[in-house]
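Take a look at the structure set out below.
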Amino acid sequence: MDLRRDVFQAIADPTRRAILLLVATQSMTAGAIASQFDTKRPTVSKHLHILTECELLKKEPNGREIYYHLNPNKMKEIANFIEPFQKLWDDRFNKLESVMKNYQKKG
């Protein structure tokens, strides 16, 4: 049995989502990421391990430091899953807006 976490288990945690937001614009070291949280560094390291295991983050060695950066291909997997739901809700809100406009005209 494969016990690897998937991307949806990884993003279920708010701290991991915050880490993804942090590294979305620039690569960061574990220490730089940990400094943004009120938790101990080993806790952040565990989150980084999970995000790396799920391939949402990639590690890039640079000298003695390891930089973490976002893996856009895995993020696309999440976006592709969510897209049909987004379209469904967009359609529902557009219908609601149309009904509200008609109601306002009558009133």
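Following the order of the structure tokens, first chain is A, next is B, and so on, with residues numbered from 1 inside each chain and ligands from 1 in the order they appear.
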
*Which parts of chain A does DSSP call helix (DSSP H, G or I) when run on the backbone here, written out as a PyMOL selection string?*
chain A and resi 7-11+14-23+30-34+41-53+72-106

*Would you kindly return, as an MDAnalysis selection string, each protein, DNA or RNA residue with an atom no farther than 12 Å from any atom of Ser35 in chain A, considering only C-alpha atoms and excluding same-chain residues fewer than 6 positions away?*
chainID A and resid 19 22 28:29 41:45

Can you write out the residues you just picked, keeping N, CA and C atoms, as a PDB file, in the first residue's frame?
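Writing done, so here's selection-v4.pdb:
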ATOM      1  N   ILE A  19       3.112  28.566   3.475  1.00  0.00           N
ATOM      2  CA  ILE A  19       4.463  28.340   2.937  1.00  0.00           C
ATOM      3  C   ILE A  19       4.435  28.437   1.412  1.00  0.00           C
ATOM      4  N   LEU A  22       4.386  31.956   0.424  1.00  0.00           N
ATOM      5  CA  LEU A  22       5.688  32.596   0.640  1.00  0.00           C
ATOM      6  C   LEU A  22       6.657  32.340  -0.514  1.00  0.00           C
ATOM      7  N   MET A  28      13.232  30.360  -1.259  1.00  0.00           N
ATOM      8  CA  MET A  28      13.637  30.701   0.096  1.00  0.00           C
ATOM      9  C   MET A  28      14.283  29.499   0.760  1.00  0.00           C
ATOM     10  N   THR A  29      15.177  29.768   1.709  1.00  0.00           N
ATOM     11  CA  THR A  29      15.770  28.699   2.513  1.00  0.00           C
ATOM     12  C   THR A  29      14.787  28.296   3.612  1.00  0.00           C
ATOM     13  N   ARG A  41      11.380  25.646  14.339  1.00  0.00           N
ATOM     14  CA  ARG A  41      11.921  25.288  13.027  1.00  0.00           C
ATOM     15  C   ARG A  41      11.676  23.821  12.645  1.00  0.00           C
ATOM     16  N   PRO A  42      11.794  22.852  13.586  1.00  0.00           N
ATOM     17  CA  PRO A  42      11.507  21.463  13.200  1.00  0.00           C
ATOM     18  C   PRO A  42      10.074  21.260  12.681  1.00  0.00           C
ATOM     19  N   THR A  43       9.138  22.042  13.217  1.00  0.00           N
ATOM     20  CA  THR A  43       7.754  21.953  12.744  1.00  0.00           C
ATOM     21  C   THR A  43       7.671  22.426  11.299  1.00  0.00           C
ATOM     22  N   VAL A  44       8.322  23.544  11.003  1.00  0.00           N
ATOM     23  CA  VAL A  44       8.334  24.053   9.629  1.00  0.00           C
ATOM     24  C   VAL A  44       9.055  23.062   8.720  1.00  0.00           C
ATOM     25  N   SER A  45      10.125  22.450   9.208  1.00  0.00           N
ATOM     26  CA  SER A  45      10.855  21.454   8.423  1.00  0.00           C
ATOM     27  C   SER A  45       9.959  20.280   8.052  1.00  0.00           C
TER      28      SER A  45
END

*For Thr25 in chain A, work out the shell of residues within 10 Å, counting only C-alpha atoms and skipping chain neighbours fewer than 4 positions away, then give it as a list in words.*
Leu20, Leu21, His69 and Leu70 of chain A

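Coordinates place CA of Ala34 in chain A at a distance of 17.4 Å from CA of Leu56 in chain A.
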
*Per-residue DSSP, chain A, filtered to strand (DSSP E), as a list in words*: Met28, Thr29, Leu57, Lys58, Lys59, Glu60, Pro61, Asn62, Glu65, Ile66, Tyr67, Tyr68, His69 and Leu70 of chain A

Take the residues that were just selected and, keeping C-alpha atoms, output them as a CSV table (one decimal), in the first residue's frame.
chain,number,residue,atom,x,y,z
A,28,MET,CA,13.6,30.7,0.1
A,29,THR,CA,15.8,28.7,2.5
A,57,LEU,CA,8.0,22.3,-3.6
A,58,LYS,CA,11.3,21.5,-5.2
A,59,LYS,CA,14.7,21.7,-3.4
A,60,GLU,CA,17.6,23.5,-5.1
A,61,PRO,CA,21.0,23.3,-3.5
A,62,ASN,CA,23.0,26.5,-3.8
A,65,GLU,CA,22.0,26.3,1.5
A,66,ILE,CA,19.0,24.5,0.1
A,67,TYR,CA,16.4,26.8,-1.5
A,68,TYR,CA,12.8,25.8,-1.8
A,69,HIS,CA,10.7,26.9,-4.8
A,70,LEU,CA,7.2,26.3,-6.1

*Provide the CA of His49 in chain A to CA of Ile11 in chain A distance in Å, to one decimal place.*
12.9 Å

_When you count only C-alpha atoms, which of these residues is closest to Phe8 in chain A: A:Trp89, A:Gln36, A:Met75, A:Ala24?_
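For Phe8 in chain A, the nearest of the given residues is A:Met75.
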
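Closest approach to Ile78 in chain A among A:Thr15, A:Val99, A:Lys106, A:Glu55: A:Glu55, based on only C-alpha atoms.
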